[in-house]
Structures are given as structure tokens and as C-alpha cells.
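Okay, query-v6.cif is below, mmCIF, C-alpha atoms and all ligand atoms:
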data_run
#
loop_
_atom_site.label_atom_id
_atom_site.label_comp_id
_atom_site.auth_asym_id
_atom_site.auth_seq_id
_atom_site.Cartn_x
_atom_site.Cartn_y
_atom_site.Cartn_z
CA MET Z 1 -19.93 -84.14 209.60
CA ILE Z 2 -20.05 -85.38 213.17
CA ILE Z 3 -19.00 -82.67 215.62
CA VAL Z 4 -17.54 -83.84 218.92
CA LYS Z 5 -17.26 -81.04 221.48
CA ALA Z 6 -14.36 -81.15 223.89
CA GLN Z 7 -13.82 -78.89 226.88
CA ASN Z 8 -10.16 -78.31 226.11
CA TYR Z 9 -7.06 -79.53 224.29
CA ASP Z 10 -6.53 -82.40 226.68
CA GLU Z 11 -9.96 -83.78 226.01
CA ILE Z 12 -9.48 -83.43 222.23
CA SER Z 13 -6.28 -85.48 222.51
CA LYS Z 14 -7.89 -88.22 224.59
CA LYS Z 15 -10.90 -88.50 222.32
CA ALA Z 16 -8.83 -88.48 219.12
CA ALA Z 17 -6.46 -91.13 220.47
CA SER Z 18 -9.38 -93.33 221.48
CA TYR Z 19 -10.73 -93.28 217.89
CA ILE Z 20 -7.29 -94.12 216.49
CA ALA Z 21 -6.67 -96.84 219.08
CA ALA Z 22 -10.04 -98.39 218.23
CA GLN Z 23 -9.11 -98.33 214.53
CA VAL Z 24 -5.82 -100.11 215.26
CA GLN Z 25 -7.56 -102.69 217.44
CA LEU Z 26 -10.22 -103.37 214.81
CA LYS Z 27 -7.74 -103.61 211.94
CA PRO Z 28 -4.16 -104.13 213.16
CA ALA Z 29 -2.76 -103.75 209.61
CA CYS Z 30 -4.60 -100.49 208.99
CA VAL Z 31 -3.25 -97.49 207.10
CA LEU Z 32 -3.21 -94.35 209.22
CA GLY Z 33 -2.82 -90.94 207.61
CA LEU Z 34 -0.94 -88.71 210.04
CA ALA Z 35 -0.46 -85.00 210.58
CA THR Z 36 2.20 -82.90 212.28
CA GLY Z 37 2.02 -79.46 213.94
CA SER Z 38 0.98 -78.60 217.50
CA THR Z 39 -2.50 -80.04 217.43
CA PRO Z 40 -1.81 -83.80 217.21
CA CYS Z 41 1.03 -83.82 219.80
CA GLY Z 42 -1.33 -84.63 222.70
CA THR Z 43 -3.02 -87.33 220.63
CA TYR Z 44 0.37 -88.93 219.93
CA GLN Z 45 1.25 -88.73 223.64
CA GLU Z 46 -1.95 -90.56 224.45
CA LEU Z 47 -1.29 -93.20 221.76
CA ILE Z 48 2.13 -93.77 223.31
CA ARG Z 49 0.35 -94.29 226.63
CA TYR Z 50 -2.02 -96.82 224.99
CA HIS Z 51 1.03 -98.65 223.71
CA ARG Z 52 2.95 -98.61 227.01
CA GLU Z 53 0.13 -99.13 229.46
CA GLU Z 54 -2.52 -100.98 227.50
CA GLY Z 55 -0.38 -103.02 225.13
CA LEU Z 56 -1.70 -101.44 221.92
CA SER Z 57 0.57 -102.70 219.16
CA PHE Z 58 1.41 -100.80 215.97
CA GLN Z 59 3.54 -103.58 214.54
CA LYS Z 60 1.34 -104.10 211.51
CA VAL Z 61 0.20 -100.48 211.08
CA ARG Z 62 1.31 -98.54 208.00
CA THR Z 63 1.43 -94.75 208.15
CA ILE Z 64 1.35 -92.05 205.53
CA ASN Z 65 2.11 -88.46 206.48
CA LEU Z 66 0.43 -85.50 204.92
CA ASP Z 67 3.36 -83.29 204.15
CA GLU Z 68 6.99 -82.28 204.47
CA TYR Z 69 8.85 -79.01 204.12
CA TYR Z 70 10.65 -78.88 200.79
CA GLY Z 71 14.39 -78.55 201.11
CA LEU Z 72 14.69 -80.01 204.61
CA PRO Z 73 16.45 -83.36 205.00
CA ALA Z 74 14.71 -85.98 207.17
CA THR Z 75 17.40 -85.40 209.80
CA HIS Z 76 16.60 -81.66 210.18
CA GLU Z 77 15.10 -80.84 213.59
CA GLN Z 78 12.13 -79.08 212.00
CA SER Z 79 11.48 -81.68 209.32
CA TYR Z 80 8.19 -83.50 209.69
CA SER Z 81 10.08 -86.75 209.42
CA HIS Z 82 12.00 -85.82 212.57
CA PHE Z 83 8.78 -84.61 214.21
CA MET Z 84 7.12 -87.98 213.67
CA ARG Z 85 10.04 -89.94 215.07
CA LYS Z 86 10.33 -87.67 218.10
CA ASN Z 87 6.61 -87.43 218.86
CA LEU Z 88 5.42 -90.92 217.99
CA PHE Z 89 7.42 -93.47 216.02
CA ASP Z 90 10.38 -93.74 218.41
CA HIS Z 91 8.04 -94.55 221.28
CA ILE Z 92 5.85 -97.28 219.80
CA ASP Z 93 6.54 -100.62 218.14
CA ILE Z 94 5.88 -99.46 214.57
CA LEU Z 95 8.34 -100.71 211.93
CA ALA Z 96 10.31 -97.88 210.33
CA GLU Z 97 9.75 -99.37 206.88
CA ASN Z 98 5.99 -99.08 207.40
CA THR Z 99 6.14 -95.31 207.96
CA HIS Z 100 6.05 -92.87 205.07
CA VAL Z 101 6.72 -89.13 205.10
CA PRO Z 102 7.23 -87.22 201.83
CA ASP Z 103 10.88 -86.75 200.88
CA GLY Z 104 11.71 -83.08 201.38
CA LEU Z 105 14.77 -83.50 199.17
CA ALA Z 106 13.03 -85.15 196.20
CA THR Z 107 14.75 -83.84 193.08
CA ASN Z 108 11.54 -83.99 191.09
CA PRO Z 109 8.89 -83.25 193.74
CA ASN Z 110 5.91 -83.51 191.41
CA ALA Z 111 7.02 -86.92 190.11
CA PHE Z 112 7.57 -87.85 193.75
CA GLY Z 113 4.03 -86.68 194.51
CA ARG Z 114 2.60 -88.96 191.81
CA GLU Z 115 4.55 -91.90 193.27
CA TYR Z 116 3.31 -91.01 196.76
CA ASP Z 117 -0.31 -91.10 195.57
CA GLU Z 118 0.40 -94.44 193.88
CA LEU Z 119 1.93 -95.74 197.10
CA ILE Z 120 -1.22 -94.76 199.03
CA ALA Z 121 -3.38 -96.52 196.44
CA SER Z 122 -1.14 -99.61 196.54
CA LEU Z 123 -1.62 -99.80 200.32
CA GLY Z 124 -5.37 -99.93 199.69
CA GLY Z 125 -5.98 -96.29 200.60
CA ILE Z 126 -6.05 -94.66 204.01
CA ASP Z 127 -8.33 -96.18 206.66
CA MET Z 128 -8.25 -93.22 209.02
CA GLN Z 129 -6.82 -89.80 208.20
CA LEU Z 130 -5.91 -87.45 211.03
CA LEU Z 131 -5.98 -83.77 210.08
CA GLY Z 132 -5.33 -80.42 211.71
CA ILE Z 133 -6.63 -77.19 210.24
CA GLY Z 134 -4.64 -74.06 209.47
CA SER Z 135 -5.90 -70.72 210.75
CA ASN Z 136 -6.49 -69.94 207.06
CA GLY Z 137 -8.49 -73.13 206.58
CA HIS Z 138 -5.76 -75.20 204.94
CA ILE Z 139 -5.64 -78.97 205.32
CA ALA Z 140 -2.24 -80.61 204.81
CA PHE Z 141 -0.57 -77.74 202.91
CA ASN Z 142 -3.44 -77.29 200.48
CA GLU Z 143 -3.52 -73.52 200.82
CA PRO Z 144 -6.46 -71.25 199.92
CA GLY Z 145 -6.56 -70.70 196.17
CA ASN Z 146 -8.82 -70.66 193.17
CA CYS Z 147 -9.17 -74.43 192.84
CA PHE Z 148 -8.83 -77.65 194.77
CA VAL Z 149 -5.82 -79.70 193.62
CA ALA Z 150 -6.14 -83.47 193.54
CA GLN Z 151 -2.49 -84.59 193.40
CA THR Z 152 0.29 -84.69 195.93
CA ARG Z 153 2.76 -82.05 194.71
CA LEU Z 154 5.09 -79.19 195.48
CA VAL Z 155 3.19 -76.21 196.94
CA ASP Z 156 4.08 -72.65 197.92
CA LEU Z 157 3.22 -71.86 201.53
CA ASN Z 158 1.05 -68.81 202.20
CA GLN Z 159 2.54 -65.89 204.08
CA ASN Z 160 -0.01 -66.59 206.80
CA THR Z 161 1.20 -70.22 207.17
CA ILE Z 162 4.84 -69.10 207.21
CA GLU Z 163 4.00 -66.70 210.05
CA ASP Z 164 1.95 -69.32 211.94
CA ASN Z 165 4.79 -71.86 211.68
CA ALA Z 166 7.57 -69.39 212.54
CA ARG Z 167 7.06 -70.38 216.19
CA PHE Z 168 8.91 -73.62 215.49
CA PHE Z 169 11.92 -71.84 213.95
CA GLU Z 170 14.31 -69.12 215.15
CA SER Z 171 12.59 -66.62 212.83
CA ALA Z 172 10.03 -66.45 210.01
CA GLU Z 173 12.92 -66.16 207.52
CA GLU Z 174 13.97 -69.72 208.34
CA VAL Z 175 10.57 -71.26 207.56
CA PRO Z 176 10.81 -73.09 204.22
CA ARG Z 177 8.69 -71.39 201.55
CA GLN Z 178 7.58 -74.64 199.92
CA ALA Z 179 6.38 -78.09 200.94
CA ILE Z 180 5.32 -81.36 199.40
CA SER Z 181 1.67 -81.76 200.32
CA MET Z 182 -0.79 -84.57 199.91
CA GLY Z 183 -3.53 -83.52 197.50
CA MET Z 184 -7.28 -83.64 198.01
CA LYS Z 185 -7.75 -86.94 196.16
CA SER Z 186 -5.80 -89.03 198.64
CA ILE Z 187 -7.24 -87.11 201.61
CA LEU Z 188 -10.83 -87.52 200.43
CA GLY Z 189 -10.09 -91.14 199.52
CA ALA Z 190 -9.61 -91.92 203.23
CA LYS Z 191 -12.38 -94.14 204.58
CA ARG Z 192 -12.64 -92.03 207.70
CA ILE Z 193 -11.33 -88.56 208.53
CA LEU Z 194 -10.68 -87.14 212.00
CA ILE Z 195 -10.04 -83.41 212.02
CA LEU Z 196 -8.89 -81.69 215.20
CA ALA Z 197 -9.16 -78.02 216.06
CA SER Z 198 -8.06 -76.33 219.26
CA GLY Z 199 -8.03 -72.72 220.35
CA LYS Z 200 -9.51 -69.41 219.34
CA GLY Z 201 -7.06 -69.02 216.46
CA LYS Z 202 -8.93 -71.78 214.61
CA ALA Z 203 -12.45 -70.51 215.32
CA ASP Z 204 -12.94 -68.60 212.03
CA ALA Z 205 -11.57 -71.47 209.94
CA VAL Z 206 -13.83 -73.96 211.74
CA LYS Z 207 -16.85 -71.72 211.22
CA GLY Z 208 -16.02 -71.40 207.50
CA MET Z 209 -15.54 -75.15 207.16
CA LEU Z 210 -18.88 -75.92 208.80
CA GLU Z 211 -21.08 -73.05 207.68
CA GLY Z 212 -19.69 -71.82 204.39
CA SER Z 213 -20.05 -73.23 200.91
CA VAL Z 214 -17.49 -75.66 199.52
CA ASP Z 215 -14.88 -73.14 198.41
CA PRO Z 216 -11.18 -73.53 197.57
CA LEU Z 217 -10.58 -70.25 199.40
CA LEU Z 218 -11.27 -72.30 202.54
CA PRO Z 219 -9.77 -75.69 201.64
CA ALA Z 220 -11.17 -77.57 204.66
CA SER Z 221 -14.68 -76.86 203.38
CA ILE Z 222 -14.17 -79.70 200.88
CA LEU Z 223 -14.59 -82.08 203.82
CA GLN Z 224 -18.33 -81.34 203.60
CA LEU Z 225 -18.31 -83.69 200.59
CA HIS Z 226 -16.91 -86.65 202.52
CA GLN Z 227 -19.25 -89.21 204.07
CA ASN Z 228 -17.34 -89.95 207.25
CA VAL Z 229 -15.72 -86.94 208.89
CA THR Z 230 -15.50 -86.37 212.63
CA LEU Z 231 -14.44 -82.96 213.89
CA ILE Z 232 -13.12 -82.97 217.45
CA ALA Z 233 -12.85 -79.39 218.62
CA ASP Z 234 -12.67 -77.52 221.90
CA LEU Z 235 -15.02 -74.78 223.00
CA ALA Z 236 -12.61 -72.03 221.88
CA ALA Z 237 -12.33 -73.45 218.35
CA LEU Z 238 -16.14 -73.75 218.17
CA SER Z 239 -16.75 -70.29 219.62
CA GLN Z 240 -17.60 -68.64 216.27
CA THR Z 241 -19.80 -71.44 214.94
CA ALA Z 242 -23.56 -70.94 215.13
CA GLU Z 243 -25.30 -73.00 217.81
CA SER Z 244 -27.78 -74.24 215.19
CA VAL Z 245 -24.90 -75.84 213.23
CA LEU Z 246 -23.43 -77.43 216.34
CA GLN Z 247 -26.77 -79.00 217.18
CA SER Z 248 -27.68 -80.24 213.71
C1 LIG K 1 0.62 -80.66 209.29
C2 LIG K 1 -0.46 -80.15 208.44
C3 LIG K 1 -1.07 -78.82 208.67
C4 LIG K 1 -1.44 -78.59 210.13
C5 LIG K 1 -2.06 -77.20 210.29
C6 LIG K 1 -2.36 -76.90 211.74
O1 LIG K 1 1.04 -81.93 208.87
O2 LIG K 1 -0.80 -80.81 207.51
O3 LIG K 1 -2.21 -78.70 207.86
O4 LIG K 1 -2.36 -79.56 210.54
O5 LIG K 1 -1.16 -76.24 209.81
O6 LIG K 1 -1.16 -76.81 212.46
P1 LIG K 1 -1.14 -76.71 214.04
O7 LIG K 1 -1.65 -77.99 214.55
O8 LIG K 1 0.31 -76.50 214.38
O9 LIG K 1 -2.00 -75.54 214.41
#

So, in terms of C-alpha cells, how does the structure I just supplied come out?
Amino acid sequence: MIIVKAQNYDEISKKAASYIAAQVQLKPACVLGLATGSTPCGTYQELIRYHREEGLSFQKVRTINLDEYYGLPATHEQSYSHFMRKNLFDHIDILAENTHVPDGLATNPNAFGREYDELIASLGGIDMQLLGIGSNGHIAFNEPGNCFVAQTRLVDLNQNTIEDNARFFESAEEVPRQAISMGMKSILGAKRILILASGKGKADAVKGMLEGSVDPLLPASILQLHQNVTLIADLAALSQTAESVLQS
């Protein structure tokens, strides 16, 4: 794994956006895997700037999002579909039909998950996958457990994730208890993975991902098996990781 050290959140966002912009320039019809949450917001802001000020076009880009809360319609303010429109899609020239976010109202979410994986395969797989990391080490909503799960499917959110995400809702009670999450097969199938981590709250998860064994109790550790992963993290997120690991 390549580790890119950033001084702060702003620098993470600029660096991450520059990798994504380069990907779009190199392959205008690329497939980008996208994440939601706090971490990628600055990256999306910077991509909007690339579009407005430097003429970066997303007209041929296809996007696939990692996850969606189960039970929320795409119009709900806290749905990830809404998040993507508000934070990125509405501000660039991407075609709505080229963007894909799991359907939080799918009546048969596991069948939907199989179709979502097939869709990713039919697009030729993901060229660049953007990931955040949960404070418990989750990627997408693949929560810590006793095995890694390959398929996109309905998942139960951990109490810890519900509490972390309560900041976006009026109260923790309002956070949906389930989500449709991309599975490890489609994530690891991406040709290149960019994982972002900012702040002290991520420091233990980052340390576990980099230093621990590959263990489903820390889902991000599976990224050790991928050939092309770049972690962009600030000093706070790297504060628990041994210097010897950062230099290797
Ligand atoms: C979001 C996602 C999650 C987040 C993670 C970190 O689509 O898949 O895995 O990346 O929960 O969230 P933030 O960035 O809010 O700390």
C-alpha cells in the first residue's frame, strides 16, 4: 500500500481530487467508485473546482456508489443518493443516467445486490474506487464480523456506526439500522483504490489496517491483499501508526 501523508484535511482533499482528475483525463469514460460521508466532501468540492475552472469534463464518466441506507427513498435528505447530487453530481456535467447509487427501497435487497454486482461487471469493473474508513475499520458498510462477504447485500449497521452517523440526523434513533452495501468482491475488483482517512478518530482503524493481520474484525485490512491501494491520510489519522510502517 502506498501511504501519502497530508498535513491536514484540506491537503487530503486536494491530493485525492488530483488522482481522480488524472484518472478522468486519462480515461474519460472511466468507472469511478464513489463514497459518501464527511471525508470525501472536500475531494468533491475540489473536483467541482476542476470542472468549473479547469474544464474537467465528466460527461463520459460512469459512477457506482458504495452504499445506501435501507428504507430511505432517494429523495430523503440523508439518503446517499441525495448526498451525491448535493455534493457532486448537481455541480458537474455528469449524465444522471451514468450515476448509480443502490436503491434504498429495493423490495428484495439481496437480489438487488446481485444485480448491482452484475452491473459493475457489465461496466467493465471499477477503474478507481474512492473509500473512507469507519472508526471501527469498516469499508463501505462491510462491518467487523467473523468473515469477509463478497456480495453486495443488505447489512445490519453496527451500534458504533449508528452512533458515528447520528451527527447527520436529529438523533441516533433516526439513523437507519440497515444499508445496502457493496461487498468485498466488487471493491477488491477495482483496478485502483484510494482510501482517505482524516482525524484522530480514524487513527486506531488506520493502524489496524496497516499493521494488523488481514482480519474480518477490521474489514479495511483486506486492502492489504490488493495490488494498487493508495492511502491518503493526515497526520492525526496516522498518529497511532508505527514510524517503521510509514517509512516502508
Ligand atoms: C460511505 C461509506 C463509509 C464511510 C465511513 C467513513 O459511503 O462507505 O464506509 O466511508 O463510514 O465515514 P466518514 O467519512 O463520515 O467518517

Neighbourhood of ligand LIG 1 (chain K) at 6 Å, counting only C-alpha atoms and all ligand atoms, reported as a PyMOL selection string: chain Z and resi 35-39+66-67+131-134+138-141

Straight-line distance linking atom CA of Arg177 of chain Z with atom CA of Tyr116 of chain Z, stated in Å to one decimal: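 Interatomic distance here is 20.9 Å.
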
Which residue of Z:His226, Z:Arg153, Z:Arg114, Z:Lys202 approaches Gln129 of chain Z most closely, using only C-alpha atoms: Z:His226

In the coordinates of the file, take the point (-0.1, -82.1, 221.8) and a cut-off of 12 Å; then, counting all atoms listed in the file, name each qualifying protein, DNA or RNA residue as a JSON list (two decimals) with C-alpha atoms, in the coordinates of the input.
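Output saved as out-v5.json:
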[["chain", "number", "residue", "atom", "x", "y", "z"],
["Z", 8, "ASN", "CA", -10.16, -78.31, 226.11],
["Z", 9, "TYR", "CA", -7.06, -79.53, 224.29],
["Z", 10, "ASP", "CA", -6.53, -82.40, 226.68],
["Z", 11, "GLU", "CA", -9.96, -83.78, 226.01],
["Z", 12, "ILE", "CA", -9.48, -83.43, 222.23],
["Z", 13, "SER", "CA", -6.28, -85.48, 222.51],
["Z", 14, "LYS", "CA", -7.89, -88.22, 224.59],
["Z", 16, "ALA", "CA", -8.83, -88.48, 219.12],
["Z", 17, "ALA", "CA", -6.46, -91.13, 220.47],
["Z", 35, "ALA", "CA", -0.46, -85.00, 210.58],
["Z", 36, "THR", "CA", 2.20, -82.90, 212.28],
["Z", 37, "GLY", "CA", 2.02, -79.46, 213.94],
["Z", 38, "SER", "CA", 0.98, -78.60, 217.50],
["Z", 39, "THR", "CA", -2.50, -80.04, 217.43],
["Z", 40, "PRO", "CA", -1.81, -83.80, 217.21],
["Z", 41, "CYS", "CA", 1.03, -83.82, 219.80],
["Z", 42, "GLY", "CA", -1.33, -84.63, 222.70],
["Z", 43, "THR", "CA", -3.02, -87.33, 220.63],
["Z", 44, "TYR", "CA", 0.37, -88.93, 219.93],
["Z", 45, "GLN", "CA", 1.25, -88.73, 223.64],
["Z", 46, "GLU", "CA", -1.95, -90.56, 224.45],
["Z", 47, "LEU", "CA", -1.29, -93.20, 221.76],
["Z", 48, "ILE", "CA", 2.13, -93.77, 223.31],
["Z", 83, "PHE", "CA", 8.78, -84.61, 214.21],
["Z", 87, "ASN", "CA", 6.61, -87.43, 218.86],
["Z", 88, "LEU", "CA", 5.42, -90.92, 217.99],
["Z", 132, "GLY", "CA", -5.33, -80.42, 211.71],
["Z", 196, "LEU", "CA", -8.89, -81.69, 215.20],
["Z", 197, "ALA", "CA", -9.16, -78.02, 216.06],
["Z", 198, "SER", "CA", -8.06, -76.33, 219.26]]

Top pick for closest residue to Leu26 of chain Z, considering Z:Glu243, Z:Asp127, Z:Glu97, Z:Asp117 and counting only C-alpha atoms: Z:Asp127

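Nearest to Pro216 of chain Z of all the residues Z:Leu72, Z:Gly145, Z:His100, Z:Gln247 is Z:Gly145, based on all atoms listed in the file.
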
Neighbour list for Ser248 of chain Z as a ChimeraX atom specification, cut-off 12 Å, only C-alpha atoms, skip fewer than 6 positions in-chain: /Z:1-4,210-211,241-242

Write the residues you've just listed into a file as a compact mmCIF listing (two decimals), in the coordinates of the input, and include C-alpha atoms for each of them.
# COMPACT_ATOMS: atom_id res chain seq x y z
CA MET Z 1 -19.93 -84.14 209.60
CA ILE Z 2 -20.05 -85.38 213.17
CA ILE Z 3 -19.00 -82.67 215.62
CA VAL Z 4 -17.54 -83.84 218.92
CA LEU Z 210 -18.88 -75.92 208.80
CA GLU Z 211 -21.08 -73.05 207.68
CA THR Z 241 -19.80 -71.44 214.94
CA ALA Z 242 -23.56 -70.94 215.13

Taking every listed atom of segment 65-82 of chain Z and adding 8 Å to each side, what centre and edge lengths in Å (one decimal) does the axis-aligned box have, as AutoDock Vina command-line options?
--center_x 8.9 --center_y -83.5 --center_z 207.2 --size_x 33.0 --size_y 25.9 --size_z 28.8

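Atom pair atom CA of Gln7 of chain Z / atom CA of Gln25 of chain Z: separated by 26.4 Å.
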
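Taking atom CA of Gly113 of chain Z and atom CA of Met182 of chain Z as endpoints, the distance between them is 7.5 Å.
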
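Nearest-residue note for Gly199 of chain Z: choosing from Z:Leu130, Z:Ala233, Z:Leu217, Z:Ile222, the minimum distance belongs to Z:Ala233, counting only C-alpha atoms.
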
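Shortest atom-to-atom contact with Leu238 of chain Z among Z:Ser122, Z:Ala96, Z:Lys200, Z:Tyr80: Z:Lys200, counting only C-alpha atoms.
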
Nearby residues (all atoms listed in the file) at most 9 Å from Gly137 of chain Z, same-chain spacing under 6 positions excluded, as a VMD selection string: chain Z and resid 143 to 144 202 204 to 206 208 to 209 217 to 221

Could you write those residues out with C-alpha atoms, as a short mmCIF file (atom, residue, chain, number, x, y, z; two decimals), keeping the file's coordinate frame?
data_model
loop_
_atom_site.label_atom_id
_atom_site.label_comp_id
_atom_site.auth_asym_id
_atom_site.auth_seq_id
_atom_site.Cartn_x
_atom_site.Cartn_y
_atom_site.Cartn_z
CA GLU Z 143 -3.52 -73.52 200.82
CA PRO Z 144 -6.46 -71.25 199.92
CA LYS Z 202 -8.93 -71.78 214.61
CA ASP Z 204 -12.94 -68.60 212.03
CA ALA Z 205 -11.57 -71.47 209.94
CA VAL Z 206 -13.83 -73.96 211.74
CA GLY Z 208 -16.02 -71.40 207.50
CA MET Z 209 -15.54 -75.15 207.16
CA LEU Z 217 -10.58 -70.25 199.40
CA LEU Z 218 -11.27 -72.30 202.54
CA PRO Z 219 -9.77 -75.69 201.64
CA ALA Z 220 -11.17 -77.57 204.66
CA SER Z 221 -14.68 -76.86 203.38
#

Residue list as a PyMOL selection string for point (11.1, -78.7, 199.1), cut-off 8 Å, all atoms listed in the file: chain Z and resi 68-72+104-106+109+154+176+178-180

Export of the given selection (C-alpha atoms) as a short mmCIF file (atom, residue, chain, number, x, y, z; two decimals), in the frame of the given file:
data_model
loop_
_atom_site.label_atom_id
_atom_site.label_comp_id
_atom_site.auth_asym_id
_atom_site.auth_seq_id
_atom_site.Cartn_x
_atom_site.Cartn_y
_atom_site.Cartn_z
CA GLU Z 68 6.99 -82.28 204.47
CA TYR Z 69 8.85 -79.01 204.12
CA TYR Z 70 10.65 -78.88 200.79
CA GLY Z 71 14.39 -78.55 201.11
CA LEU Z 72 14.69 -80.01 204.61
CA GLY Z 104 11.71 -83.08 201.38
CA LEU Z 105 14.77 -83.50 199.17
CA ALA Z 106 13.03 -85.15 196.20
CA PRO Z 109 8.89 -83.25 193.74
CA LEU Z 154 5.09 -79.19 195.48
CA PRO Z 176 10.81 -73.09 204.22
CA GLN Z 178 7.58 -74.64 199.92
CA ALA Z 179 6.38 -78.09 200.94
CA ILE Z 180 5.32 -81.36 199.40
#

Of the listed residues Z:Cys30, Z:Ile20, Z:Ile64, Z:Ile94, that which approaches Leu194 of chain Z most closely, counting only C-alpha atoms: Z:Ile20
